[in-house]
Amino acid sequence: MDKPVQSLGITGLSKSQVSEMGEDLEVMSSKSRTRRLDGLYTFVGGCRRRLKTRQMRRSKSGHLQRLESDHYGGLGLIRGLAADGVPKAEIARKLSISRTTVIKAVASDGPPKYARAPAPTSFTPFEVRVRQLLSETPDMPATVLAERVGWTGSIRWFRDNVNRVRADHRPVDPADRLSWAAGDVAQCDLWFPPRKLLLEDGSRTLLPVLVMTCAYSRFMLARMIPTRKTPDLLMGLWVLLTQLGRVPRRLIWDNEPGIGRGKLTEPAAVFAGTLATKIVLLPPRDPESKGVVERRNGFFETSFMPGRHSTSPADFNAQFTDLLDRANSRVVRTTKTRPIDLIEADQAAMLGLPPAVLHLGWRNHLRLGWDYYVRVDTNDYSVDPRAIGLRVDVAADLDTARVRHGGRLVAEHPRRWARGMTVTDPTYVTAAAALRHACQHPTSSPEVADLVRDLTDYDKAFGIDAEQMRPR
């Protein structure tokens, strides 16, 4: 502070007092720079080529904002001045623009934009023919249309124009709001988690999850199954219905091949008849009728899978069951209540569950060959070799494969979810080796010293009295 004090010739003040005065002046100067000003102020801005005059206005925060007055850049400023009653000629003079520009800006509804005037294109001569074909077949591919009308130009340009025209000929399929009665419907679907699981042979694959959602209560049940084939689908349905304890009056499916496309498969029809329920197959392109379960699949994708790691299908089912227990205890936005609070009313209106369903899962009846293995899906399981040549019944559910002969269990193995495996029980290998050795090295029967039988035994057997037959 010595130099400012000496230059100003201040002699009656101390340095500390001069410092305080400097701080006060700095605060006053800062407030002056950032104070709010009313009206317009002209500032000169430098440009590389020429100097331009820009209209500046202070914002509410005190900062300067530049309002471009070139052409329509100051549209808001022009309209604001016109709304305040400033004549158009005065606006044009202040902003250095023509009155025509001011008139157009005041009359416009929005900022200016470039709009190309409609003109014939290379697609125009073919448009009439394309519309005729689309009126008959709205889903005809663009490549087929190009061939039919003789188009030789860019297929991308042709496809873009076809997509624009196709919207005028595609039939409208409105979706209604559906309401569900208690006990009426359960929507079923397969969800494929986007992460491969480790199987018994070390391979990894995507496995399906069978999801069932009661439409009235929004109660969710789900379980991972080995395949999407009919035996596993029906077995999974039975497991979920057993957990539910009741049978909905309708089970809605979306053309799953294992259930049926257009027509139910024979095992699915037998299963529905046994439960006294009806399996409804939705027509193609009708996702709205199964939207409840579809939204649950999206919920699983975003709320269950992120950061989730499973070591096996059994581990996945355990973690998934825990999620469902928590999700069924949360309030659903559409029903404004929890699924566990509505499930009792839903179950009360459902059908009773039969004690068992015959011929469910993988079933086969065959004669066990010299190769003492039976096949379930794509895997082979060993059987007690003492049953070779006998008729056996093969049955497998989602977890276990069993083989019986006359009701007696002759083999039982945990079911393998991997493909092309051979499952062998070591005890059956040992028994087969013993039988093979006994067959290849037969033991000779001991010789009987006396094979002569007393003839009187035959007389007694036929009721003959030997004494009466003797001559006298």
# chains A, B, ... in the order shown; residues from 1 in each chain; ligands from 1
>>> select_by_dssp(residues="region 155-339 of chain A", states="helix (DSSP H, G or I)", output="ChimeraX atom specification")
/A:155-166,230-244,266-275,287-303,313-327,339
>>> select_by_dssp(residues="region 64-224 of chain A", states="strand (DSSP E or B)", output="list in words")
Leu64, Gln65, Arg66, Leu67, Val185, Ala186, Gln187, Cys188, Asp189, Leu190, Trp191, Leu197, Leu198, Arg204, Thr205, Val209, Leu210, Val211, Met212, Thr213, Cys214, Met220, Leu221, Ala222, Arg223 and Met224 of chain A
>>> write_last_selection(atoms="N, CA and C atoms", output="PDB file, in the first residue's frame")
ATOM      1  N   LEU A  64     -24.564 -10.125 -18.496  1.00  0.00           N
ATOM      2  CA  LEU A  64     -24.986  -9.572 -19.772  1.00  0.00           C
ATOM      3  C   LEU A  64     -25.289 -10.688 -20.750  1.00  0.00           C
ATOM      4  N   GLN A  65     -26.380 -10.572 -21.467  1.00  0.00           N
ATOM      5  CA  GLN A  65     -26.754 -11.517 -22.510  1.00  0.00           C
ATOM      6  C   GLN A  65     -26.800 -10.772 -23.831  1.00  0.00           C
ATOM      7  N   ARG A  66     -26.217 -11.361 -24.852  1.00  0.00           N
ATOM      8  CA  ARG A  66     -26.208 -10.732 -26.172  1.00  0.00           C
ATOM      9  C   ARG A  66     -27.424 -11.181 -26.955  1.00  0.00           C
ATOM     10  N   LEU A  67     -28.159 -10.232 -27.503  1.00  0.00           N
ATOM     11  CA  LEU A  67     -29.336 -10.532 -28.307  1.00  0.00           C
ATOM     12  C   LEU A  67     -29.019 -10.204 -29.747  1.00  0.00           C
ATOM     13  N   VAL A 185     -57.542 -65.644 -15.008  1.00  0.00           N
ATOM     14  CA  VAL A 185     -56.430 -65.746 -15.960  1.00  0.00           C
ATOM     15  C   VAL A 185     -55.099 -65.762 -15.217  1.00  0.00           C
ATOM     16  N   ALA A 186     -54.210 -66.603 -15.731  1.00  0.00           N
ATOM     17  CA  ALA A 186     -52.784 -66.539 -15.390  1.00  0.00           C
ATOM     18  C   ALA A 186     -52.027 -66.485 -16.702  1.00  0.00           C
ATOM     19  N   GLN A 187     -51.187 -65.474 -16.866  1.00  0.00           N
ATOM     20  CA  GLN A 187     -50.413 -65.301 -18.093  1.00  0.00           C
ATOM     21  C   GLN A 187     -49.064 -65.987 -17.939  1.00  0.00           C
ATOM     22  N   CYS A 188     -48.689 -66.757 -18.944  1.00  0.00           N
ATOM     23  CA  CYS A 188     -47.461 -67.563 -18.899  1.00  0.00           C
ATOM     24  C   CYS A 188     -46.531 -67.138 -20.029  1.00  0.00           C
ATOM     25  N   ASP A 189     -45.245 -67.190 -19.752  1.00  0.00           N
ATOM     26  CA  ASP A 189     -44.261 -66.811 -20.765  1.00  0.00           C
ATOM     27  C   ASP A 189     -42.912 -67.381 -20.372  1.00  0.00           C
ATOM     28  N   LEU A 190     -41.998 -67.429 -21.355  1.00  0.00           N
ATOM     29  CA  LEU A 190     -40.618 -67.833 -21.112  1.00  0.00           C
ATOM     30  C   LEU A 190     -39.735 -66.592 -21.148  1.00  0.00           C
ATOM     31  N   TRP A 191     -38.914 -66.441 -20.122  1.00  0.00           N
ATOM     32  CA  TRP A 191     -37.950 -65.351 -20.063  1.00  0.00           C
ATOM     33  C   TRP A 191     -36.546 -65.944 -20.094  1.00  0.00           C
ATOM     34  N   LEU A 197     -25.309 -69.662 -17.905  1.00  0.00           N
ATOM     35  CA  LEU A 197     -25.045 -70.342 -16.644  1.00  0.00           C
ATOM     36  C   LEU A 197     -24.126 -71.529 -16.866  1.00  0.00           C
ATOM     37  N   LEU A 198     -23.327 -71.834 -15.841  1.00  0.00           N
ATOM     38  CA  LEU A 198     -22.401 -72.961 -15.896  1.00  0.00           C
ATOM     39  C   LEU A 198     -23.158 -74.255 -15.637  1.00  0.00           C
ATOM     40  N   ARG A 204     -21.413 -73.428 -20.867  1.00  0.00           N
ATOM     41  CA  ARG A 204     -22.309 -72.358 -20.444  1.00  0.00           C
ATOM     42  C   ARG A 204     -23.375 -72.147 -21.519  1.00  0.00           C
ATOM     43  N   THR A 205     -24.588 -71.901 -21.088  1.00  0.00           N
ATOM     44  CA  THR A 205     -25.685 -71.721 -22.035  1.00  0.00           C
ATOM     45  C   THR A 205     -26.770 -70.864 -21.400  1.00  0.00           C
ATOM     46  N   VAL A 209     -36.591 -69.404 -18.299  1.00  0.00           N
ATOM     47  CA  VAL A 209     -37.275 -69.292 -17.008  1.00  0.00           C
ATOM     48  C   VAL A 209     -38.772 -69.218 -17.291  1.00  0.00           C
ATOM     49  N   LEU A 210     -39.515 -70.155 -16.759  1.00  0.00           N
ATOM     50  CA  LEU A 210     -40.963 -70.172 -16.919  1.00  0.00           C
ATOM     51  C   LEU A 210     -41.582 -69.211 -15.903  1.00  0.00           C
ATOM     52  N   VAL A 211     -42.293 -68.203 -16.406  1.00  0.00           N
ATOM     53  CA  VAL A 211     -42.883 -67.161 -15.556  1.00  0.00           C
ATOM     54  C   VAL A 211     -44.401 -67.248 -15.657  1.00  0.00           C
ATOM     55  N   MET A 212     -45.062 -67.215 -14.520  1.00  0.00           N
ATOM     56  CA  MET A 212     -46.525 -67.202 -14.461  1.00  0.00           C
ATOM     57  C   MET A 212     -46.962 -66.038 -13.575  1.00  0.00           C
ATOM     58  N   THR A 213     -47.875 -65.221 -14.087  1.00  0.00           N
ATOM     59  CA  THR A 213     -48.377 -64.064 -13.336  1.00  0.00           C
ATOM     60  C   THR A 213     -49.899 -64.109 -13.302  1.00  0.00           C
ATOM     61  N   CYS A 214     -50.466 -64.122 -12.131  1.00  0.00           N
ATOM     62  CA  CYS A 214     -51.918 -64.063 -11.989  1.00  0.00           C
ATOM     63  C   CYS A 214     -52.382 -62.642 -12.343  1.00  0.00           C
ATOM     64  N   MET A 220     -46.656 -63.222  -8.750  1.00  0.00           N
ATOM     65  CA  MET A 220     -45.690 -63.794  -9.687  1.00  0.00           C
ATOM     66  C   MET A 220     -45.114 -65.097  -9.150  1.00  0.00           C
ATOM     67  N   LEU A 221     -44.977 -66.078 -10.054  1.00  0.00           N
ATOM     68  CA  LEU A 221     -44.281 -67.321  -9.770  1.00  0.00           C
ATOM     69  C   LEU A 221     -43.359 -67.600 -10.950  1.00  0.00           C
ATOM     70  N   ALA A 222     -42.196 -68.185 -10.683  1.00  0.00           N
ATOM     71  CA  ALA A 222     -41.243 -68.439 -11.767  1.00  0.00           C
ATOM     72  C   ALA A 222     -40.267 -69.516 -11.338  1.00  0.00           C
ATOM     73  N   ARG A 223     -39.723 -70.209 -12.349  1.00  0.00           N
ATOM     74  CA  ARG A 223     -38.717 -71.245 -12.099  1.00  0.00           C
ATOM     75  C   ARG A 223     -37.925 -71.483 -13.375  1.00  0.00           C
ATOM     76  N   MET A 224     -36.623 -71.634 -13.231  1.00  0.00           N
ATOM     77  CA  MET A 224     -35.784 -71.982 -14.381  1.00  0.00           C
ATOM     78  C   MET A 224     -35.964 -73.460 -14.699  1.00  0.00           C
TER      79      MET A 224
END
>>> closest_residue(among="A:Val130, A:Ser329, A:Gly298, A:Lys263", to="Phe192 (chain A)", atoms="only C-alpha atoms")
A:Gly298
>>> atom_distance(atom1="CA of Gly420 (chain A)", atom2="CA of Val239 (chain A)")
25.6 Å
>>> residues_around(residues="Glu256 (chain A)", least_positions_apart="4", cutoff="10 Å", atoms="only C-alpha atoms", output="short mmCIF file (atom, residue, chain, number, x, y, z; two decimals) with C-alpha atoms, in the first residue's frame")
data_model
loop_
_atom_site.label_atom_id
_atom_site.label_comp_id
_atom_site.auth_asym_id
_atom_site.auth_seq_id
_atom_site.Cartn_x
_atom_site.Cartn_y
_atom_site.Cartn_z
CA CYS A 188 -47.46 -67.56 -18.90
CA ASP A 189 -44.26 -66.81 -20.77
CA LEU A 190 -40.62 -67.83 -21.11
CA ARG A 228 -38.35 -75.30 -23.67
CA LYS A 229 -39.60 -78.70 -24.85
CA THR A 230 -43.12 -79.87 -24.06
CA LEU A 233 -42.81 -76.89 -19.96
CA GLY A 260 -48.79 -75.14 -29.52
CA ARG A 261 -49.01 -72.77 -32.44
CA GLY A 262 -52.55 -72.31 -33.60
CA LEU A 264 -52.42 -77.23 -28.77
CA LEU A 281 -53.09 -69.44 -27.59
CA LEU A 282 -52.88 -65.79 -28.60
#
>>> closest_residue(among="A:Arg177, A:Arg131, A:Arg375, A:Arg419", to="Val162 (chain A)", atoms="only C-alpha atoms")
A:Arg131
>>> residues_around(residues="Val280 (chain A)", least_positions_apart="3", cutoff="9 Å", atoms="only C-alpha atoms", output="count of residues only")
6
>>> closest_residue(among="A:Val331, A:Leu206, A:Arg402, A:Pro385", to="Thr430 (chain A)", atoms="only C-alpha atoms")
A:Pro385
